[in-house]
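**Q** A single structure is presented below for examination.
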Amino acid sequence: SSGINAEYGDSSLRASSVGFMLDPEELSFIVKLFREPTLLRSEGFHLTSTNQEYQCLRSDKNSIYARVESGEEGGVIIVKTNTLVVVATYTNNMFPSICVEAVENLADYFRDKGK
């Protein structure tokens with residue numbers, strides 16, 4: 001799994017896994033996804049950082065769960081807190097539910113800390 005933690009107010013990167021980077025434009029795009037859940041669910045989205053097209057499985061005001069559209073197994077979990085966005089990918093040899101639990105727990109931790 002690869003992951004990133006970015007502050008979306010100023011589009012700055014706070015932490016990331018080695019080799020997994022988001023530029024400010026992509027971070028802004030991800031934040032915009034939370035504002036357009038209907039479009040997100042009908043059209044899916046592309047992340048430049050992973051070079052993958054994703055089909056949205058679930059989205060709400062705080063979380064987006066999506067799988068790779070190409071038929072490969074894998075996906076992305078994106079969770080928003082008050083000031084941060086946590087993005088994590090998973091591959092075909094991982095359980096999506098474990099990734100969801102880890103990312104949601106990390107986001108809850110940041111929310112508890114006021115982030």
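Order determines the names: the first chain of the structure tokens is A, the second B, and so forth; residues in each chain are numbered 1 upward, and ligands are numbered 1 upward as they are shown.
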Extract, using only C-alpha atoms, all DNA, RNA and protein residues at most 10 Å from Leu40 (chain A), discarding same-chain residues fewer than 6 positions from it, and format them as a list in words.
**A**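 Residues meeting the cut-off are Lys32, Leu33, Phe34, Tyr54, Gln55, Cys56, Leu57, Arg58, Ser59, Ile64 and Ala66 of chain A.
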**Q** Would you kindly return, as a list in words, each protein, DNA or RNA residue with an atom no farther than 10 Å from any atom of Met94 (chain A), considering only C-alpha atoms and excluding same-chain residues fewer than 3 positions away?
**A** Ser1, Glu73, Gly74, Gly75, Thr89, Tyr90, Thr91, Ser97, Ile98 and Cys99 of chain A
**Q** Taking 4 positions as the minimum chain separation for residues in the same chain, which residues sit within 12 Å of Asn105 (chain A) when counting only C-alpha atoms? Answer as a list in words.
**A**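 Listed by chain and then number, they are Val79, Lys80, Thr81, Val86, Ile98, Cys99, Val100, Glu101, Tyr109, Phe110, Arg111 and Asp112 of chain A.
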**Q** Using N, CA and C atoms, can you export the residues from the last selection as a compact mmCIF listing (two decimals), in the first residue's frame?
**A**
```
# COMPACT_ATOMS: atom_id res chain seq x y z
N VAL A 79 -9.63 9.82 2.22
CA VAL A 79 -10.42 10.27 3.37
C VAL A 79 -10.00 11.70 3.71
N LYS A 80 -10.99 12.54 3.95
CA LYS A 80 -10.77 13.95 4.26
C LYS A 80 -11.09 14.19 5.73
N THR A 81 -10.24 14.96 6.39
CA THR A 81 -10.50 15.42 7.75
C THR A 81 -10.76 16.93 7.66
N VAL A 86 -6.09 12.09 3.32
CA VAL A 86 -5.27 10.88 3.36
C VAL A 86 -5.64 10.05 2.14
N ILE A 98 -9.04 -4.06 4.78
CA ILE A 98 -7.94 -3.73 5.70
C ILE A 98 -7.44 -2.31 5.42
N CYS A 99 -7.33 -1.97 4.14
CA CYS A 99 -6.91 -0.63 3.75
C CYS A 99 -7.92 0.41 4.23
N VAL A 100 -9.21 0.13 4.03
CA VAL A 100 -10.26 1.04 4.48
C VAL A 100 -10.16 1.25 5.99
N GLU A 101 -10.04 0.18 6.73
CA GLU A 101 -9.97 0.29 8.19
C GLU A 101 -8.76 1.11 8.63
N TYR A 109 -7.97 9.49 13.97
CA TYR A 109 -6.91 9.97 14.85
C TYR A 109 -6.64 11.45 14.59
N PHE A 110 -6.51 11.82 13.30
CA PHE A 110 -6.27 13.22 12.97
C PHE A 110 -7.45 14.11 13.38
N ARG A 111 -8.66 13.61 13.19
CA ARG A 111 -9.85 14.39 13.61
C ARG A 111 -9.83 14.61 15.12
N ASP A 112 -9.47 13.58 15.87
CA ASP A 112 -9.39 13.70 17.33
C ASP A 112 -8.35 14.74 17.76
```
**Q** Env of Asn51 (chain A): 12 Å cut, atoms = only C-alpha atoms, seq-sep filter 6 positions within chain, self excluded. Answer as an mmCIF file with all heavy atoms, in the first residue's frame.
**A**
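File written: selection_18.cif
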```cif
data_model
loop_
_atom_site.group_PDB
_atom_site.id
_atom_site.type_symbol
_atom_site.label_atom_id
_atom_site.label_comp_id
_atom_site.auth_asym_id
_atom_site.auth_seq_id
_atom_site.Cartn_x
_atom_site.Cartn_y
_atom_site.Cartn_z
ATOM 1 N N PHE A 20 5.501 7.962 -3.857
ATOM 2 C CA PHE A 20 4.086 8.291 -4.051
ATOM 3 C C PHE A 20 3.904 9.766 -3.760
ATOM 4 O O PHE A 20 3.977 10.193 -2.618
ATOM 5 C CB PHE A 20 3.215 7.447 -3.123
ATOM 6 C CG PHE A 20 1.734 7.561 -3.403
ATOM 7 C CD1 PHE A 20 1.196 7.010 -4.542
ATOM 8 C CD2 PHE A 20 0.896 8.212 -2.521
ATOM 9 C CE1 PHE A 20 -0.171 7.102 -4.803
ATOM 10 C CE2 PHE A 20 -0.462 8.309 -2.764
ATOM 11 C CZ PHE A 20 -0.990 7.752 -3.913
ATOM 12 N N MET A 21 3.695 10.545 -4.808
ATOM 13 C CA MET A 21 3.630 11.990 -4.652
ATOM 14 C C MET A 21 2.378 12.547 -5.326
ATOM 15 O O MET A 21 1.939 12.024 -6.340
ATOM 16 C CB MET A 21 4.859 12.649 -5.296
ATOM 17 C CG MET A 21 6.190 12.220 -4.694
ATOM 18 S SD MET A 21 6.397 12.755 -2.999
ATOM 19 C CE MET A 21 6.605 14.491 -3.207
ATOM 20 N N LEU A 22 1.844 13.600 -4.758
ATOM 21 C CA LEU A 22 0.764 14.370 -5.369
ATOM 22 C C LEU A 22 1.255 15.792 -5.557
ATOM 23 O O LEU A 22 1.852 16.356 -4.644
ATOM 24 C CB LEU A 22 -0.464 14.421 -4.460
ATOM 25 C CG LEU A 22 -1.259 13.162 -4.210
ATOM 26 C CD1 LEU A 22 -2.379 13.446 -3.221
ATOM 27 C CD2 LEU A 22 -1.832 12.625 -5.491
ATOM 28 N N GLU A 26 -3.147 18.119 -8.379
ATOM 29 C CA GLU A 26 -3.851 16.860 -8.151
ATOM 30 C C GLU A 26 -4.540 16.872 -6.787
ATOM 31 O O GLU A 26 -5.658 16.380 -6.652
ATOM 32 C CB GLU A 26 -2.915 15.670 -8.272
ATOM 33 C CG GLU A 26 -3.658 14.364 -8.234
ATOM 34 C CD GLU A 26 -2.912 13.208 -8.856
ATOM 35 O OE1 GLU A 26 -1.684 13.140 -8.726
ATOM 36 O OE2 GLU A 26 -3.581 12.360 -9.467
ATOM 37 N N PHE A 45 -12.789 8.681 -12.015
ATOM 38 C CA PHE A 45 -11.747 9.701 -12.023
ATOM 39 C C PHE A 45 -10.400 9.079 -12.335
ATOM 40 O O PHE A 45 -10.219 7.871 -12.263
ATOM 41 C CB PHE A 45 -11.707 10.462 -10.691
ATOM 42 C CG PHE A 45 -11.427 9.603 -9.488
ATOM 43 C CD1 PHE A 45 -10.155 9.494 -8.967
ATOM 44 C CD2 PHE A 45 -12.457 8.908 -8.865
ATOM 45 C CE1 PHE A 45 -9.905 8.701 -7.854
ATOM 46 C CE2 PHE A 45 -12.229 8.123 -7.752
ATOM 47 C CZ PHE A 45 -10.941 8.021 -7.246
ATOM 48 N N VAL A 68 -9.691 0.154 -9.295
ATOM 49 C CA VAL A 68 -9.078 0.354 -10.601
ATOM 50 C C VAL A 68 -10.068 -0.092 -11.663
ATOM 51 O O VAL A 68 -10.652 -1.174 -11.563
ATOM 52 C CB VAL A 68 -7.747 -0.441 -10.704
ATOM 53 C CG1 VAL A 68 -7.177 -0.352 -12.104
ATOM 54 C CG2 VAL A 68 -6.746 0.072 -9.681
ATOM 55 N N GLU A 69 -10.266 0.739 -12.685
ATOM 56 C CA GLU A 69 -11.270 0.474 -13.707
ATOM 57 C C GLU A 69 -10.843 -0.592 -14.712
ATOM 58 O O GLU A 69 -11.669 -1.237 -15.326
ATOM 59 C CB GLU A 69 -11.568 1.773 -14.475
ATOM 60 C CG GLU A 69 -12.998 2.166 -14.376
ATOM 61 C CD GLU A 69 -13.260 3.456 -15.121
ATOM 62 O OE1 GLU A 69 -12.632 3.737 -16.144
ATOM 63 O OE2 GLU A 69 -14.140 4.189 -14.655
ATOM 64 N N SER A 70 -9.569 -0.796 -14.895
ATOM 65 C CA SER A 70 -9.061 -1.642 -15.981
ATOM 66 C C SER A 70 -9.295 -3.136 -15.778
ATOM 67 O O SER A 70 -8.882 -3.927 -16.599
ATOM 68 C CB SER A 70 -7.565 -1.402 -16.158
ATOM 69 O OG SER A 70 -6.878 -1.844 -15.002
ATOM 70 N N GLY A 75 -7.121 -0.566 -5.798
ATOM 71 C CA GLY A 75 -7.952 0.614 -5.694
ATOM 72 C C GLY A 75 -7.323 1.696 -4.853
ATOM 73 O O GLY A 75 -6.136 1.646 -4.529
ATOM 74 N N VAL A 76 -8.147 2.660 -4.492
ATOM 75 C CA VAL A 76 -7.695 3.802 -3.714
ATOM 76 C C VAL A 76 -8.761 4.144 -2.678
ATOM 77 O O VAL A 76 -9.953 4.013 -2.936
ATOM 78 C CB VAL A 76 -7.381 5.016 -4.631
ATOM 79 C CG1 VAL A 76 -8.627 5.507 -5.356
ATOM 80 C CG2 VAL A 76 -6.717 6.144 -3.878
ATOM 81 N N THR A 89 -3.431 3.646 -1.552
ATOM 82 C CA THR A 89 -3.743 2.692 -2.619
ATOM 83 C C THR A 89 -3.543 1.285 -2.090
ATOM 84 O O THR A 89 -2.815 1.067 -1.125
ATOM 85 C CB THR A 89 -2.828 2.905 -3.838
ATOM 86 O OG1 THR A 89 -1.466 2.719 -3.440
ATOM 87 C CG2 THR A 89 -3.012 4.287 -4.426
#
```
**Q** When you draw a straight line from CA of Val85 (chain A) to CA of Leu27 (chain A), how long is it in Å?
**A**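 Answer for the CA of Val85 (chain A) to CA of Leu27 (chain A) separation: 8.3 Å.
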**Q** Out of chain A, which residues get strand (DSSP E or B) from DSSP, as an MDAnalysis selection string?
**A** chainID A and resid 2:7 12:16 45:47 52:59 63:68 74:80 84:91
**Q** Keeping C-alpha atoms for every residue in the selection just given, could you write it to a file as an mmCIF file, in the first residue's frame?
**A**
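Result written to out-v2.cif:
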```cif
data_model
loop_
_atom_site.group_PDB
_atom_site.id
_atom_site.type_symbol
_atom_site.label_atom_id
_atom_site.label_comp_id
_atom_site.auth_asym_id
_atom_site.auth_seq_id
_atom_site.Cartn_x
_atom_site.Cartn_y
_atom_site.Cartn_z
ATOM 1 C CA SER A 2 1.151 3.508 -0.742
ATOM 2 C CA GLY A 3 -0.140 6.505 1.044
ATOM 3 C CA ILE A 4 -0.008 10.222 1.354
ATOM 4 C CA ASN A 5 -1.102 12.790 3.871
ATOM 5 C CA ALA A 6 -1.613 16.285 2.511
ATOM 6 C CA GLU A 7 -3.030 19.498 3.880
ATOM 7 C CA SER A 12 0.927 21.184 0.656
ATOM 8 C CA LEU A 13 2.304 17.712 1.174
ATOM 9 C CA ARG A 14 2.780 16.705 4.815
ATOM 10 C CA ALA A 15 3.947 13.097 4.441
ATOM 11 C CA SER A 16 4.058 10.350 1.817
ATOM 12 C CA PHE A 45 -11.747 9.701 -12.023
ATOM 13 C CA HIS A 46 -8.089 9.518 -13.018
ATOM 14 C CA LEU A 47 -5.150 10.015 -10.664
ATOM 15 C CA GLN A 52 -4.913 4.735 -13.111
ATOM 16 C CA GLU A 53 -8.578 5.287 -13.905
ATOM 17 C CA TYR A 54 -10.856 4.577 -10.947
ATOM 18 C CA GLN A 55 -14.501 3.603 -10.646
ATOM 19 C CA CYS A 56 -16.109 5.023 -7.535
ATOM 20 C CA LEU A 57 -17.652 2.404 -5.275
ATOM 21 C CA ARG A 58 -18.692 4.726 -2.456
ATOM 22 C CA SER A 59 -18.424 8.408 -1.694
ATOM 23 C CA SER A 63 -14.566 9.294 2.184
ATOM 24 C CA ILE A 64 -14.110 8.041 -1.359
ATOM 25 C CA TYR A 65 -13.572 4.347 -2.077
ATOM 26 C CA ALA A 66 -12.722 3.374 -5.641
ATOM 27 C CA ARG A 67 -11.325 0.446 -7.583
ATOM 28 C CA VAL A 68 -9.078 0.354 -10.601
ATOM 29 C CA GLY A 74 -6.615 -2.747 -6.613
ATOM 30 C CA GLY A 75 -7.952 0.614 -5.694
ATOM 31 C CA VAL A 76 -7.695 3.802 -3.714
ATOM 32 C CA ILE A 77 -9.141 5.037 -0.435
ATOM 33 C CA ILE A 78 -9.315 8.821 0.038
ATOM 34 C CA VAL A 79 -10.416 10.272 3.365
ATOM 35 C CA LYS A 80 -10.772 13.950 4.262
ATOM 36 C CA LEU A 84 -5.972 16.896 5.752
ATOM 37 C CA VAL A 85 -6.549 14.450 2.930
ATOM 38 C CA VAL A 86 -5.271 10.885 3.358
ATOM 39 C CA VAL A 87 -4.835 8.930 0.119
ATOM 40 C CA ALA A 88 -3.948 5.233 0.170
ATOM 41 C CA THR A 89 -3.743 2.692 -2.619
ATOM 42 C CA TYR A 90 -4.008 -1.062 -2.412
ATOM 43 C CA THR A 91 -3.020 -3.781 -4.861
#
```
**Q** Go through A:Lys113, A:Asp108, A:Thr83, A:Gly19 one by one, measure the shortest atom-to-atom distance of each to Thr50 (chain A) using only C-alpha atoms, and give the residue with the smallest value.
**A**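 With only C-alpha atoms as the atom set, the closest residue is A:Gly19.
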